[in-house]
Structures are given as C-alpha cells and as structure tokens.
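See below for final_16.txt, which holds compact mmCIF, C-alpha atoms.
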```txt
# COMPACT_ATOMS: atom_id res chain seq x y z
CA MET A 175 -22.12 5.25 11.03
CA ARG A 176 -19.77 5.47 8.07
CA GLY A 177 -16.65 5.26 10.18
CA LEU A 178 -14.16 2.40 10.46
CA SER A 179 -13.53 1.15 14.02
CA GLY A 180 -14.93 4.36 15.47
CA LEU A 181 -12.33 6.65 13.89
CA GLU A 182 -14.82 8.88 12.11
CA PRO A 183 -16.81 9.97 15.21
CA ILE A 184 -13.55 10.89 16.99
CA ALA A 185 -12.42 12.93 14.00
CA ARG A 186 -15.76 14.73 13.77
CA GLN A 187 -15.72 15.50 17.48
CA HIS A 188 -12.37 17.24 17.18
CA GLY A 189 -12.90 18.87 13.78
CA LEU A 190 -10.40 16.59 12.05
CA LYS A 191 -10.36 15.04 8.59
CA VAL A 192 -9.92 11.31 8.04
CA ILE A 193 -7.31 10.44 5.41
CA SER A 194 -7.09 6.94 3.97
CA ASP A 195 -3.56 6.13 2.79
CA SER A 196 -4.08 3.78 -0.17
CA ALA A 197 -0.63 4.12 -1.73
CA GLN A 198 -0.22 0.34 -1.60
CA GLY A 199 -3.87 -0.60 -1.33
CA PHE A 200 -5.74 1.30 -4.02
CA GLY A 201 -8.64 -0.92 -5.08
CA THR A 202 -9.00 -2.69 -1.75
CA THR A 203 -12.46 -2.93 -0.21
CA LEU A 204 -14.02 -3.69 3.16
CA ASN A 205 -17.43 -5.33 2.95
CA GLY A 206 -17.66 -4.15 -0.65
CA ARG A 207 -16.89 -0.51 0.16
CA HIS A 208 -13.80 1.47 -0.81
CA PRO A 209 -11.95 3.53 1.83
CA LEU A 210 -13.47 6.77 0.53
CA HIS A 211 -16.76 5.59 2.03
CA TRP A 212 -15.50 6.24 5.57
CA SER A 213 -12.76 8.82 4.94
CA ASP A 214 -12.80 12.43 3.76
CA VAL A 215 -9.80 11.89 1.51
CA GLN A 216 -8.19 8.85 -0.08
CA THR A 217 -4.65 9.07 -1.38
CA THR A 218 -2.86 6.75 -3.76
CA SER A 219 0.52 6.44 -5.45
CA PHE A 220 1.22 5.75 -9.12
CA PHE A 221 4.86 4.75 -8.49
CA PRO A 222 5.63 1.79 -10.82
CA ALA A 223 5.75 -0.77 -7.98
CA LYS A 224 2.31 0.15 -6.60
CA PRO A 225 -0.88 -1.77 -7.48
CA LEU A 226 -1.90 0.91 -9.99
CA GLY A 227 1.45 2.23 -11.20
CA TYR A 228 2.69 4.03 -14.28
CA TYR A 229 6.21 4.73 -15.57
CA GLY A 230 7.12 7.66 -13.33
CA ASP A 231 6.52 9.00 -9.84
CA GLY A 232 3.26 10.65 -8.78
CA GLY A 233 -0.11 10.03 -7.25
CA ALA A 234 -3.67 11.24 -6.75
CA ILE A 235 -6.03 12.46 -4.06
CA LEU A 236 -9.70 11.45 -4.17
CA THR A 237 -12.57 13.11 -2.30
CA ASP A 238 -16.32 13.57 -2.65
CA ASP A 239 -16.21 16.88 -0.74
CA ASP A 240 -16.58 19.71 -3.30
CA ALA A 241 -15.03 22.37 -1.06
CA LEU A 242 -12.09 20.15 -0.17
CA SER A 243 -11.65 19.20 -3.82
CA SER A 244 -11.45 22.87 -4.81
CA ALA A 245 -8.84 23.59 -2.13
CA LEU A 246 -6.76 20.55 -3.09
CA ASP A 247 -6.90 21.52 -6.76
CA SER A 248 -5.66 24.97 -5.82
CA LEU A 249 -2.80 23.56 -3.74
CA ARG A 250 -1.60 21.28 -6.54
CA VAL A 251 -1.27 24.22 -8.96
CA HIS A 252 0.79 26.76 -7.02
CA GLY A 253 -2.15 27.74 -4.77
CA LYS A 254 -4.15 29.23 -7.66
CA GLY A 255 -7.33 31.26 -7.17
CA LYS A 256 -10.00 32.16 -9.72
CA ASP A 257 -7.30 34.03 -11.62
CA LYS A 258 -4.50 31.59 -12.42
CA TYR A 259 -1.97 34.36 -11.87
CA ASP A 260 -3.30 35.11 -8.37
CA ASN A 261 -2.14 32.47 -5.90
CA VAL A 262 -4.44 32.64 -2.89
CA ARG A 263 -2.53 30.06 -0.82
CA ILE A 264 0.99 28.63 -0.71
CA GLY A 265 0.82 25.60 -2.98
CA MET A 266 3.03 23.34 -5.07
CA ASN A 267 3.39 22.11 -8.63
CA SER A 268 1.80 18.65 -8.63
CA ARG A 269 0.25 18.38 -12.06
CA LEU A 270 0.09 14.96 -13.73
CA ASP A 271 1.67 15.02 -17.17
CA THR A 272 -0.29 13.81 -20.19
CA LEU A 273 2.02 10.87 -20.98
CA GLN A 274 1.57 9.33 -17.54
CA ALA A 275 -2.20 9.84 -17.69
CA ALA A 276 -2.25 8.05 -21.05
CA ILE A 277 -0.43 5.10 -19.48
CA LEU A 278 -2.90 4.94 -16.58
CA LEU A 279 -6.03 4.78 -18.77
CA PRO A 280 -5.45 1.28 -20.24
CA LYS A 281 -4.13 0.09 -16.88
CA LEU A 282 -7.38 1.16 -15.24
CA ALA A 283 -9.28 -0.97 -17.76
CA VAL A 284 -7.57 -4.15 -16.50
CA PHE A 285 -7.11 -3.10 -12.87
CA GLY A 286 -9.99 -5.25 -11.60
CA ASP A 287 -8.57 -8.31 -13.35
CA GLU A 288 -5.15 -7.61 -11.83
CA ILE A 289 -6.63 -7.43 -8.33
CA GLU A 290 -8.26 -10.84 -8.90
CA ALA A 291 -4.92 -12.23 -10.10
CA HIS A 292 -3.10 -10.82 -7.07
CA ASN A 293 -5.55 -12.58 -4.76
CA ARG A 294 -5.31 -15.86 -6.66
CA ILE A 295 -1.50 -15.76 -6.40
CA ALA A 296 -1.63 -14.79 -2.71
CA ASP A 297 -3.98 -17.68 -1.97
CA ARG A 298 -1.58 -20.14 -3.66
CA TYR A 299 1.32 -18.79 -1.59
CA THR A 300 -0.68 -19.01 1.64
CA ASP A 301 -1.93 -22.55 1.01
CA ALA A 302 1.55 -23.80 0.11
CA LEU A 303 3.68 -21.99 2.70
CA ARG A 304 1.65 -22.02 5.90
CA SER A 305 3.77 -23.76 8.54
CA ASN A 306 5.07 -23.45 12.09
CA ALA A 307 8.40 -22.09 10.87
CA LEU A 308 7.01 -19.66 8.31
CA ARG A 309 4.26 -17.19 9.16
CA VAL A 310 2.06 -16.08 6.27
CA PRO A 311 -0.17 -12.98 6.12
CA THR A 312 -3.89 -13.08 6.80
CA VAL A 313 -6.71 -10.82 5.62
CA MET A 314 -9.68 -9.73 7.72
CA ASP A 315 -13.11 -11.08 6.85
CA GLY A 316 -14.83 -8.88 4.32
CA VAL A 317 -11.59 -7.41 2.97
CA VAL A 318 -10.36 -7.67 -0.62
CA SER A 319 -6.63 -6.89 -0.59
CA THR A 320 -4.63 -5.64 -3.55
CA TRP A 321 -1.48 -7.42 -2.28
CA ALA A 322 1.11 -4.79 -3.12
CA GLN A 323 3.56 -7.22 -1.53
CA TYR A 324 3.39 -10.75 -0.19
CA THR A 325 5.34 -10.51 3.05
CA ILE A 326 6.11 -13.43 5.33
CA GLU A 327 7.91 -13.92 8.64
CA VAL A 328 10.87 -16.29 8.93
CA PRO A 329 13.38 -16.85 11.75
CA ASP A 330 16.38 -15.58 9.73
CA PRO A 331 15.49 -13.36 6.73
CA THR A 332 19.12 -12.95 5.65
CA ALA A 333 19.78 -16.68 5.44
CA PHE A 334 16.39 -17.16 3.78
CA ALA A 335 17.18 -14.52 1.14
CA ASP A 336 20.59 -16.04 0.45
CA ALA A 337 19.07 -19.48 -0.05
CA LEU A 338 16.45 -18.19 -2.48
CA LYS A 339 19.03 -16.12 -4.37
CA LYS A 340 20.99 -19.30 -5.09
CA GLU A 341 17.83 -20.65 -6.74
CA GLY A 342 17.42 -17.51 -8.82
CA VAL A 343 14.51 -16.19 -6.74
CA PRO A 344 14.60 -12.51 -5.76
CA THR A 345 13.35 -11.28 -2.40
CA ALA A 346 13.08 -7.85 -0.77
CA ARG A 347 13.00 -6.45 2.74
CA TYR A 348 10.85 -3.33 2.52
CA TYR A 349 10.80 -0.64 5.20
CA PRO A 350 13.41 -2.14 7.55
CA ARG A 351 13.10 0.85 9.89
CA PRO A 352 9.57 1.75 11.03
CA ILE A 353 8.52 5.40 11.18
CA HIS A 354 8.75 5.75 14.96
CA MET A 355 12.42 4.69 14.82
CA GLN A 356 13.40 7.19 12.11
CA THR A 357 15.27 10.35 13.09
CA ALA A 358 12.57 12.81 12.08
CA TYR A 359 9.89 11.07 14.19
CA GLU A 360 11.78 9.48 17.06
CA HIS A 361 10.85 12.27 19.51
CA TYR A 362 7.09 11.79 19.00
CA PRO A 363 5.21 9.86 21.72
CA ILE A 364 4.20 6.31 20.84
CA GLY A 365 1.93 5.52 23.78
CA ALA A 366 2.20 3.22 26.76
CA GLY A 367 3.98 -0.01 26.00
CA GLY A 368 5.54 1.27 22.80
CA LEU A 369 5.09 -0.59 19.51
CA ALA A 370 6.19 -4.05 20.57
CA ASN A 371 4.61 -5.94 17.67
CA THR A 372 6.18 -3.63 15.10
CA GLU A 373 9.61 -3.92 16.66
CA ASP A 374 9.28 -7.68 16.97
CA CYS A 375 8.52 -8.29 13.30
CA ILE A 376 11.12 -6.02 11.65
CA ASP A 377 13.84 -8.64 12.11
CA LYS A 378 11.65 -11.41 10.66
CA ILE A 379 9.86 -10.06 7.60
CA ILE A 380 10.77 -10.61 3.97
CA SER A 381 8.74 -10.33 0.77
CA LEU A 382 8.39 -12.83 -2.06
CA PRO A 383 7.84 -11.93 -5.74
CA MET A 384 4.30 -10.69 -6.32
CA HIS A 385 2.72 -9.31 -9.46
CA PRO A 386 -0.47 -10.16 -11.38
CA TYR A 387 1.36 -11.87 -14.23
CA LEU A 388 3.35 -14.33 -12.12
CA SER A 389 2.87 -17.73 -13.75
CA GLU A 390 2.03 -20.83 -11.74
CA ALA A 391 5.28 -22.45 -12.92
CA ASP A 392 7.37 -19.53 -11.64
CA GLN A 393 5.39 -19.40 -8.42
CA ASP A 394 5.90 -23.12 -7.87
CA LYS A 395 9.66 -22.56 -8.23
CA ILE A 396 9.49 -19.79 -5.59
CA ILE A 397 7.42 -21.96 -3.25
CA ALA A 398 9.82 -24.90 -3.59
CA ALA A 399 12.81 -22.68 -2.88
CA ALA A 400 11.08 -21.17 0.17
CA ARG A 401 10.19 -24.56 1.57
CA THR A 402 13.76 -25.79 1.13
CA ALA A 403 15.16 -22.66 2.77
CA ILE A 404 12.89 -23.07 5.80
```
Rewrite the structure from the file as structure tokens, please.
Amino acid sequence: MRGLSGLEPIARQHGLKVISDSAQGFGTTLNGRHPLHWSDVQTTSFFPAKPLGYYGDGGAILTDDDALSSALDSLRVHGKGKDKYDNVRIGMNSRLDTLQAAILLPKLAVFGDEIEAHNRIADRYTDALRSNALRVPTVMDGVVSTWAQYTIEVPDPTAFADALKKEGVPTARYYPRPIHMQTAYEHYPIGAGGLANTEDCIDKIISLPMHPYLSEADQDKIIAAARTAI
C-alpha cells in the first residue's frame, strides 16, 4: 500500500484524489519517500518565507499522473485546449515568470544543504530549550522535516515575546486563528469533541528565528534570551 495512515484506500474507495500540501514542507520525507509517493498531487509555495522560496509570490503543483498533469496545465493557462485560443475549461492565469524561475534554479542546487542546516539548527534548539516550562516540537521517526518554522509552547507568549524583543531577538506568532475558527469555515462540522488540542495550543505557541544561515553565535543569543524569559 502506498498510502499514509490508510488515507489512500479511503480516497480510492470514494473516487477522491489525495493532495499533499507541502507549502511549508517541500523537501520533507517519510522513510526516505517524498509525499508524492502516496498522494496524487503535491503542492508547494515559493513565497519568500517558505523552505524553497523566491522573490515573489507563487507556487507549483507536482504529479506523476499524465492525465492530471495535462488538466492542471490547462487550468493554469486560462483553461487552454489544443488550440491556445480555445479554452476548453474555466481556468486562471498562473504562469511562472522567467525571472522567478531563474532565481529558483540556483536555490534548488543548494536546497538539500539548506534542509540539512535547518535540521542541525532545530536539533540545537531542541537540545538547549527542552524543559518543563517550555515545550519544544518533536518529529516522527523516519521523518526529515524542512523546519519552515521552529515553534514552541510557552505559558505566556506575549510576555515571552516582549522579553526577547528587549534582547534584540525577533519572534512571530503565525496563524493565531485556526481554519475552523475563521468566518468562512466556521459553519463546517469539526467532528465529535471538536479540535481541543488545536484550541489549547493557539494561546501558547510562538516561533523563534529559523533559517539555514543562522550562525551558532546568533542562535546561542536566542537560546540564552529564551531561557531567561522562561
């Protein structure tokens, strides 16, 4: 079975496609395999803050299904058919411009090295910050993460951020409102028991600086400030 946690058989049974959202995890693997191994489509984002980012806003869709690839290519260029002036479906204009593609090419060449650096930096954070008062992230066995962010849980994120700011250390609180609490999605069912873990962590999470070129000296300063704040 190619599927992850039984998702693929369920999708096949109901005629559904499996989409792997890799906007913040492009390059990650599970037991040496990329998400496209168990999904029909893998998406990623090239927004500058993402693991593989360029200087604008855009992304890509990957698939090894020829028919699906042809349909997606049509959708990204106005819904084009064999004749570029005959649109056979309602599409959009999602073409990647040449400048951004030129920026991505050299970044792809060092992308593997950057993933290794992200993991080295994440390991240093985890080893230094693990404590009863500060909860650090964990990664499943067999997974190589790209660490788009290094997010921790603290009792009071606002006070923590203020303390680090005084030491010249920036922090960020990404996605403070989960999808099921946003206006457009709040009427959708969320299942019995709700999303208790999600709602519990939103008032505790905060992210520390994370990028592949973070020096050990700068990281040590961040770690010292975090320890003092806790």
List as a tab-separated table every residue of stretch 182-202 of chain A that is in contact with stretch 234-242 of chain A, defined as an atom at most 12 Å from one of its atoms (using only C-alpha atoms), together with the nearest atom pair and the distance in Å rounded to one decimal, sorted by chain and then rising number.
```
residue	atom	partner	partner_atom	distance
A:Lys191	CA	A:Leu242	CA	10.3
A:Val192	CA	A:Thr237	CA	10.8
A:Ile193	CA	A:Thr237	CA	9.7
A:Ser194	CA	A:Leu236	CA	9.7
A:Asp195	CA	A:Ile235	CA	9.6
A:Ser196	CA	A:Ile235	CA	9.7
A:Ala197	CA	A:Ala234	CA	9.2
A:Phe200	CA	A:Ala234	CA	10.5
```
Pick out the residues sitting within 9 Å of A:Lys281, and hand them over as number ranges by chain; count all atoms listed in the file, and ignore anything fewer than 6 positions along from it in its own chain. A: 226-228
Neighbours of A:Met384 within 12 Å (all atoms listed in the file; same-chain residues fewer than 3 positions away dropped), as a VMD selection string? chain A and resid 223 to 225 288 to 289 291 to 299 320 to 325 343 to 346 381 387 to 390 392 to 393 396
Build an axis-aligned box that encloses every atom of stretch 238-251 of chain A listed in the file, pad it by 6 Å on each side, and report its centre and edge lengths in Å to one decimal, as AutoDock Vina command-line options.
```
--center_x -8.9 --center_y 19.3 --center_z -4.6 --size_x 27.3 --size_y 23.4 --size_z 20.8
```
Here atom CA of A:Ala333 and atom CA of A:Pro222 stand apart by 28.4 Å
Write out as a PDB file with C-alpha atoms, keeping the file's coordinate frame the residues lying within 10 Å of A:Asn205, counting only C-alpha atoms and excluding same-chain residues fewer than 6 positions away.
```
ATOM      1  CA  ASP A 315     -13.110 -11.080   6.850  1.00  0.00           C
ATOM      2  CA  GLY A 316     -14.830  -8.880   4.320  1.00  0.00           C
ATOM      3  CA  VAL A 317     -11.590  -7.410   2.970  1.00  0.00           C
ATOM      4  CA  VAL A 318     -10.360  -7.670  -0.620  1.00  0.00           C
TER       5      VAL A 318
END
```
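Among the candidates A:Lys340, A:His252, A:His385, A:His354, the one nearest to A:Glu373 when counting all atoms listed in the file is A:His354.
We find atom CA of A:Lys395 and atom CA of A:Leu303 to be spaced 12.5 Å apart.
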Ref. answer, residues at most 9 Å from (-11.3, 9.1, 6.7) with only C-alpha atoms, as a PyMOL selection string: chain A and resi 177-178+181-182+185+191-194+209-216
Polymer residues at most 9 Å from A:Gly265, all atoms listed in the file, same-chain spacing of 6 or more positions, as a VMD selection string: chain A and resid 248 to 254
